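Heads up, the thing below is written out as structure tokens.
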Amino acid sequence: MPVLAACLIGAVVLSHLLAAARLRHRGDTWPPSRDLSFAAGGAALVYAVLGPLPGGPFTAHMAVHLLVGMVAPLLLVLGRPLSLLPRVLPPGRLRRLPLVLARSRPAAVLLLPPVAALLDVGALWLLYRTPLWSVAHAHPLTHAAVHLHVFAAGLLFAFTICQVDPVHRRYGLAVRGGTLLLAGAAHSTLAKSLYAHPPPGVVVDGEDLRTGARLMYHGGDAVEVALAVVLAVGWYTAGGRALARARRRAGSGADRAIPAGGTGPTAPFP
């Protein structure tokens, strides 16, 4: 099962890279940094599935949580797959489908920042502060479903906060920044609670528990800082574009105000 998952991830990353290469071959612009980010996200997922993980069982689980639920989603989102896909699909309904789905009403609800945060961090509270974690470890299919949800919720949250791809509605800095701040606080509080008490129904070695909780706390902070940087850069860039448009409009208005043959509001001397 892990090998199959790794092969599937590799196929998705390869498809992305080939699509980007095709785009450049026909003369379109597509920054290589996006390919690097997407490939790094795929590598993080593969490592979480197959790689040697640090520490005891709980610490190793937290390493997987960080890679699958936080690090990989951010890197994949920065690869801007939803911007790439419509540009390489053939014209018609198939090309419009990703944007139609992204701008649909259900997507608009899911992409509301507080909703995405609740599905992401709220689900983690449910996982670690109820017997769900112990149940998941006893049933392989439930365990796989939990990891799939962690990844999907992390991807949704990163997509909502960054907003680098086309969406139905773009939320401002206050909404996204406030949501990120509250989600980060909830994630940190959960890590602190795990430092003191393991998930219900689970026996964890004390040192393993504390190491895993510290990894969750500091690793989560690092990814949240990265999300804040992406948010700030996007806000700064959007502000620069708006200022440039305002200057162009002001310059065009000034040009129209100059009479033919004149250099300003008054006619030249004869």
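Numbering starts fresh at 1 for the residues of each chain in the structure tokens, the chains themselves are lettered A, B, ... in the order given, and ligands are numbered from 1 as they appear.
Within 10 Å of Val203 in chain A, once only C-alpha atoms are used and residues closer than 6 positions along the same chain are dropped, the contacting residues are Phe58, Ser134 and Leu209 of chain A.
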Excluding Ala144 in chain A and any residue of its chain fewer than 6 positions from it, enumerate the residues within 12 Å of it, using only C-alpha atoms, and give them as an MDAnalysis selection string.
-> chainID A and resid 1:2 5 49 68 133 135:138 150:151
Written file, previous selection with all heavy atoms, as a short mmCIF file (atom, residue, chain, number, x, y, z; two decimals), in the first residue's frame:
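This went into part_39.cif:
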```
data_model
loop_
_atom_site.label_atom_id
_atom_site.label_comp_id
_atom_site.auth_asym_id
_atom_site.auth_seq_id
_atom_site.Cartn_x
_atom_site.Cartn_y
_atom_site.Cartn_z
N MET A 1 0.81 -1.22 0.00
CA MET A 1 0.00 0.00 0.00
C MET A 1 0.85 1.28 0.00
O MET A 1 0.62 2.18 -0.79
CB MET A 1 -0.94 -0.01 1.21
CG MET A 1 -1.99 1.07 1.17
SD MET A 1 -3.24 0.78 -0.08
CE MET A 1 -4.43 2.03 0.34
N PRO A 2 1.88 1.41 0.88
CA PRO A 2 2.73 2.60 0.82
C PRO A 2 3.44 2.78 -0.51
O PRO A 2 3.56 3.90 -1.02
CB PRO A 2 3.73 2.38 1.96
CG PRO A 2 3.04 1.46 2.90
CD PRO A 2 2.23 0.56 2.03
N ALA A 5 0.97 4.11 -3.02
CA ALA A 5 0.72 5.54 -2.78
C ALA A 5 1.88 6.39 -3.30
O ALA A 5 1.68 7.44 -3.92
CB ALA A 5 0.51 5.78 -1.29
N VAL A 49 5.57 8.69 3.36
CA VAL A 49 5.05 7.33 3.13
C VAL A 49 6.15 6.28 3.27
O VAL A 49 5.92 5.21 3.88
CB VAL A 49 4.41 7.24 1.73
CG1 VAL A 49 4.04 5.80 1.39
CG2 VAL A 49 3.18 8.13 1.66
N VAL A 68 2.51 15.61 5.80
CA VAL A 68 1.30 15.37 5.01
C VAL A 68 0.29 16.49 5.16
O VAL A 68 -0.37 16.88 4.19
CB VAL A 68 0.67 14.02 5.42
CG1 VAL A 68 -0.69 13.82 4.77
CG2 VAL A 68 1.60 12.87 5.04
N TRP A 133 -7.98 8.49 17.56
CA TRP A 133 -6.62 8.11 17.16
C TRP A 133 -6.33 6.66 17.49
O TRP A 133 -5.74 5.93 16.70
CB TRP A 133 -5.60 9.03 17.83
CG TRP A 133 -4.24 8.94 17.21
CD1 TRP A 133 -3.91 9.22 15.92
CD2 TRP A 133 -3.03 8.53 17.85
NE1 TRP A 133 -2.55 9.02 15.71
CE2 TRP A 133 -1.99 8.60 16.89
CE3 TRP A 133 -2.71 8.13 19.14
CZ2 TRP A 133 -0.68 8.27 17.18
CZ3 TRP A 133 -1.39 7.81 19.44
CH2 TRP A 133 -0.40 7.87 18.46
N VAL A 135 -8.58 4.28 17.78
CA VAL A 135 -9.41 3.48 16.88
C VAL A 135 -8.76 3.39 15.51
O VAL A 135 -8.72 2.32 14.88
CB VAL A 135 -10.82 4.09 16.78
CG1 VAL A 135 -11.64 3.39 15.69
CG2 VAL A 135 -11.54 4.00 18.12
N ALA A 136 -8.22 4.53 15.02
CA ALA A 136 -7.60 4.54 13.70
C ALA A 136 -6.39 3.62 13.65
O ALA A 136 -6.17 2.93 12.63
CB ALA A 136 -7.18 5.97 13.35
N HIS A 137 -5.62 3.56 14.72
CA HIS A 137 -4.44 2.69 14.71
C HIS A 137 -4.82 1.22 14.76
O HIS A 137 -4.02 0.37 14.36
CB HIS A 137 -3.53 3.05 15.89
CG HIS A 137 -2.57 4.16 15.56
ND1 HIS A 137 -1.27 3.94 15.19
CD2 HIS A 137 -2.75 5.49 15.52
CE1 HIS A 137 -0.67 5.09 14.95
NE2 HIS A 137 -1.55 6.05 15.14
N ALA A 138 -6.00 0.93 15.22
CA ALA A 138 -6.44 -0.47 15.28
C ALA A 138 -7.04 -0.94 13.96
O ALA A 138 -7.20 -2.15 13.76
CB ALA A 138 -7.44 -0.65 16.41
N VAL A 150 -6.38 14.45 6.67
CA VAL A 150 -5.37 15.42 7.13
C VAL A 150 -4.74 16.11 5.92
O VAL A 150 -4.55 17.34 5.92
CB VAL A 150 -4.31 14.71 7.99
CG1 VAL A 150 -3.10 15.62 8.21
CG2 VAL A 150 -4.91 14.31 9.33
N PHE A 151 -4.42 15.33 4.89
CA PHE A 151 -3.82 15.92 3.69
C PHE A 151 -4.80 16.84 2.97
O PHE A 151 -4.46 17.97 2.60
CB PHE A 151 -3.35 14.82 2.74
CG PHE A 151 -2.93 15.31 1.39
CD1 PHE A 151 -1.81 16.10 1.24
CD2 PHE A 151 -3.69 14.99 0.26
CE1 PHE A 151 -1.44 16.58 -0.01
CE2 PHE A 151 -3.32 15.46 -0.98
CZ PHE A 151 -2.19 16.26 -1.12
#
```
- When distances are computed from only C-alpha atoms, which of A:Leu118, A:Ala158, A:Val64, A:Val233 shows the smallest separation from Val146 in chain A?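 So, comparing all the options, the nearest one is A:Val64.
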Give me the range 138-158 of chain A side of the contact with range 41-48 of chain A, cut-off 12 Å, one line per residue showing its nearest atom pair and distance in Å at one decimal, counting only C-alpha atoms, sorted by chain and residue number, as JSON lines.
```
{"residue": "A:His147", "atom": "CA", "partner": "A:Ala48", "partner_atom": "CA", "distance": 10.7}
{"residue": "A:Leu148", "atom": "CA", "partner": "A:Leu45", "partner_atom": "CA", "distance": 11.4}
{"residue": "A:Phe151", "atom": "CA", "partner": "A:Leu45", "partner_atom": "CA", "distance": 9.4}
{"residue": "A:Leu155", "atom": "CA", "partner": "A:Gly41", "partner_atom": "CA", "distance": 10.9}
```
Emit the selected residues as a PDB file, in the first residue's frame, including N, CA and C atoms.
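The resulting file, again_36.pdb, is reproduced below:
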```
ATOM      1  N   HIS A 147      -5.380   9.879   7.472  1.00  0.00           N
ATOM      2  CA  HIS A 147      -4.267  10.569   6.807  1.00  0.00           C
ATOM      3  C   HIS A 147      -4.738  11.276   5.535  1.00  0.00           C
ATOM      4  N   LEU A 148      -5.663  10.662   4.818  1.00  0.00           N
ATOM      5  CA  LEU A 148      -6.195  11.295   3.618  1.00  0.00           C
ATOM      6  C   LEU A 148      -6.928  12.587   3.981  1.00  0.00           C
ATOM      7  N   PHE A 151      -4.416  15.333   4.889  1.00  0.00           N
ATOM      8  CA  PHE A 151      -3.821  15.921   3.691  1.00  0.00           C
ATOM      9  C   PHE A 151      -4.804  16.838   2.969  1.00  0.00           C
ATOM     10  N   LEU A 155      -4.447  20.819   2.516  1.00  0.00           N
ATOM     11  CA  LEU A 155      -4.391  21.387   1.173  1.00  0.00           C
ATOM     12  C   LEU A 155      -5.439  22.488   1.010  1.00  0.00           C
TER      13      LEU A 155
END
```
- prompt: Which polymer residues have any atom within 12 Å of an atom of range 94-99 of chain A, counting only C-alpha atoms, with same-chain residues fewer than 2 positions away left out, as a PyMOL selection string?
  reply: chain A and resi 81-92+101-104+107-108+165-168
Report task. Report the residues of range 154-214 of chain A whose backbone DSSP state falls under alpha helix (DSSP H), written as an MDAnalysis selection string. Result -> chainID A and resid 154:162 173:196 206:214
Could you tell me how far CA of Asp208 in chain A lies from CA of Ala60 in chain A, in Å and to one decimal?
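So the answer is 9.2 Å.
With CA of Leu4 in chain A on one side and CA of Ala145 in chain A on the other, the separation reads 15.4 Å.
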Exercise. Near Cys162 in chain A, counting only C-alpha atoms, which residues have an atom at most 8 Å away, once you skip same-chain residues fewer than 2 positions from it, shown as JSON, numbers by chain?
Worked result: {"A": [77, 158, 159, 160, 164, 227, 230, 231, 234]}
Residues near range 179-182 of chain A, anyone? I mean within 7 Å using only C-alpha atoms, not counting same-chain ones fewer than 4 positions away, as a ChimeraX atom specification. /A:113-114,175,186
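Restricting the calculation to only C-alpha atoms, the smallest distance between Pro73 in chain A and any of A:Gly154, A:Pro31, A:Gly251, A:Pro106 is found for A:Gly154.
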Show me, as a PDB file with C-alpha atoms, in the first residue's frame, the residues that have an atom within 9 Å of range 193-201 of chain A when counting only C-alpha atoms, minus same-chain residues fewer than 5 positions from it.
```pdb
ATOM      1  CA  LEU A 127      -8.420  13.197  16.320  1.00  0.00           C
ATOM      2  CA  TYR A 128      -6.142  13.744  19.311  1.00  0.00           C
ATOM      3  CA  ARG A 129      -8.574  14.677  22.082  1.00  0.00           C
ATOM      4  CA  THR A 130     -11.027  11.810  21.489  1.00  0.00           C
ATOM      5  CA  PRO A 131     -10.458   8.022  21.177  1.00  0.00           C
ATOM      6  CA  LEU A 132     -10.404   8.386  17.373  1.00  0.00           C
ATOM      7  CA  TRP A 133      -6.618   8.115  17.164  1.00  0.00           C
ATOM      8  CA  SER A 134      -6.546   4.813  19.046  1.00  0.00           C
ATOM      9  CA  VAL A 135      -9.409   3.483  16.879  1.00  0.00           C
ATOM     10  CA  SER A 188      -0.162  25.390  19.240  1.00  0.00           C
ATOM     11  CA  GLY A 206       6.678  10.002  28.225  1.00  0.00           C
ATOM     12  CA  LEU A 209       5.112  12.052  23.821  1.00  0.00           C
ATOM     13  CA  ARG A 210       6.997  15.222  24.734  1.00  0.00           C
ATOM     14  CA  THR A 211       9.309  15.011  21.716  1.00  0.00           C
ATOM     15  CA  GLY A 212       6.369  14.528  19.365  1.00  0.00           C
ATOM     16  CA  ALA A 213       4.454  17.407  20.935  1.00  0.00           C
ATOM     17  CA  ARG A 214       7.481  19.707  20.607  1.00  0.00           C
TER      18      ARG A 214
END
```
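Closest to Leu36 in chain A among A:Pro54, A:Gly79, A:Gly69, A:Gly177 is A:Gly79, based on only C-alpha atoms.
For the choices A:Arg245, A:His187, A:Lys192, A:Arg80, the atom-to-atom distance to Val223 in chain A is smallest for A:His187 when using only C-alpha atoms.
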Give me the residues near Asp35 in chain A as a PyMOL selection string, where near means some atom within 9 Å (using only C-alpha atoms) and where sequence neighbours in that chain fewer than 3 positions away do not count. chain A and resi 13+16-17+20+30-32+38-40+79-80
Now that the selection is made, can you save its residues with N, CA and C atoms as a PDB file, in the first residue's frame?
```pdb
ATOM      1  N   VAL A  13       3.166  14.152  -9.837  1.00  0.00           N
ATOM      2  CA  VAL A  13       4.241  15.139  -9.969  1.00  0.00           C
ATOM      3  C   VAL A  13       4.813  15.124 -11.383  1.00  0.00           C
ATOM      4  N   HIS A  16       2.531  16.894 -13.740  1.00  0.00           N
ATOM      5  CA  HIS A  16       2.637  18.345 -13.579  1.00  0.00           C
ATOM      6  C   HIS A  16       3.869  18.884 -14.313  1.00  0.00           C
ATOM      7  N   LEU A  17       5.003  18.222 -14.148  1.00  0.00           N
ATOM      8  CA  LEU A  17       6.240  18.682 -14.776  1.00  0.00           C
ATOM      9  C   LEU A  17       6.151  18.599 -16.299  1.00  0.00           C
ATOM     10  N   ALA A  20       3.950  21.435 -17.553  1.00  0.00           N
ATOM     11  CA  ALA A  20       4.669  22.706 -17.535  1.00  0.00           C
ATOM     12  C   ALA A  20       5.678  22.785 -18.683  1.00  0.00           C
ATOM     13  N   TRP A  30       5.917  30.114 -17.775  1.00  0.00           N
ATOM     14  CA  TRP A  30       5.603  29.353 -16.567  1.00  0.00           C
ATOM     15  C   TRP A  30       6.878  29.250 -15.730  1.00  0.00           C
ATOM     16  N   PRO A  31       6.949  29.969 -14.601  1.00  0.00           N
ATOM     17  CA  PRO A  31       8.198  30.012 -13.815  1.00  0.00           C
ATOM     18  C   PRO A  31       8.635  28.634 -13.318  1.00  0.00           C
ATOM     19  N   PRO A  32       9.904  28.297 -13.465  1.00  0.00           N
ATOM     20  CA  PRO A  32      10.401  27.005 -12.960  1.00  0.00           C
ATOM     21  C   PRO A  32      10.246  26.854 -11.449  1.00  0.00           C
ATOM     22  N   PHE A  38       6.166  22.329  -6.539  1.00  0.00           N
ATOM     23  CA  PHE A  38       5.265  21.185  -6.654  1.00  0.00           C
ATOM     24  C   PHE A  38       6.031  19.871  -6.474  1.00  0.00           C
ATOM     25  N   ALA A  39       7.212  19.779  -7.074  1.00  0.00           N
ATOM     26  CA  ALA A  39       8.016  18.567  -6.940  1.00  0.00           C
ATOM     27  C   ALA A  39       8.458  18.356  -5.495  1.00  0.00           C
ATOM     28  N   ALA A  40       8.798  19.452  -4.806  1.00  0.00           N
ATOM     29  CA  ALA A  40       9.193  19.344  -3.397  1.00  0.00           C
ATOM     30  C   ALA A  40       8.021  18.877  -2.539  1.00  0.00           C
ATOM     31  N   GLY A  79       2.836  25.526  -6.169  1.00  0.00           N
ATOM     32  CA  GLY A  79       3.058  25.077  -7.541  1.00  0.00           C
ATOM     33  C   GLY A  79       1.961  25.507  -8.495  1.00  0.00           C
ATOM     34  N   ARG A  80       0.850  26.025  -7.967  1.00  0.00           N
ATOM     35  CA  ARG A  80      -0.274  26.564  -8.724  1.00  0.00           C
ATOM     36  C   ARG A  80      -0.820  25.577  -9.759  1.00  0.00           C
TER      37      ARG A  80
END
```
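Proximity of A:Val71, A:Leu126, A:Leu243, A:Leu119 to His149 in chain A, computed with only C-alpha atoms, is greatest for A:Leu119.
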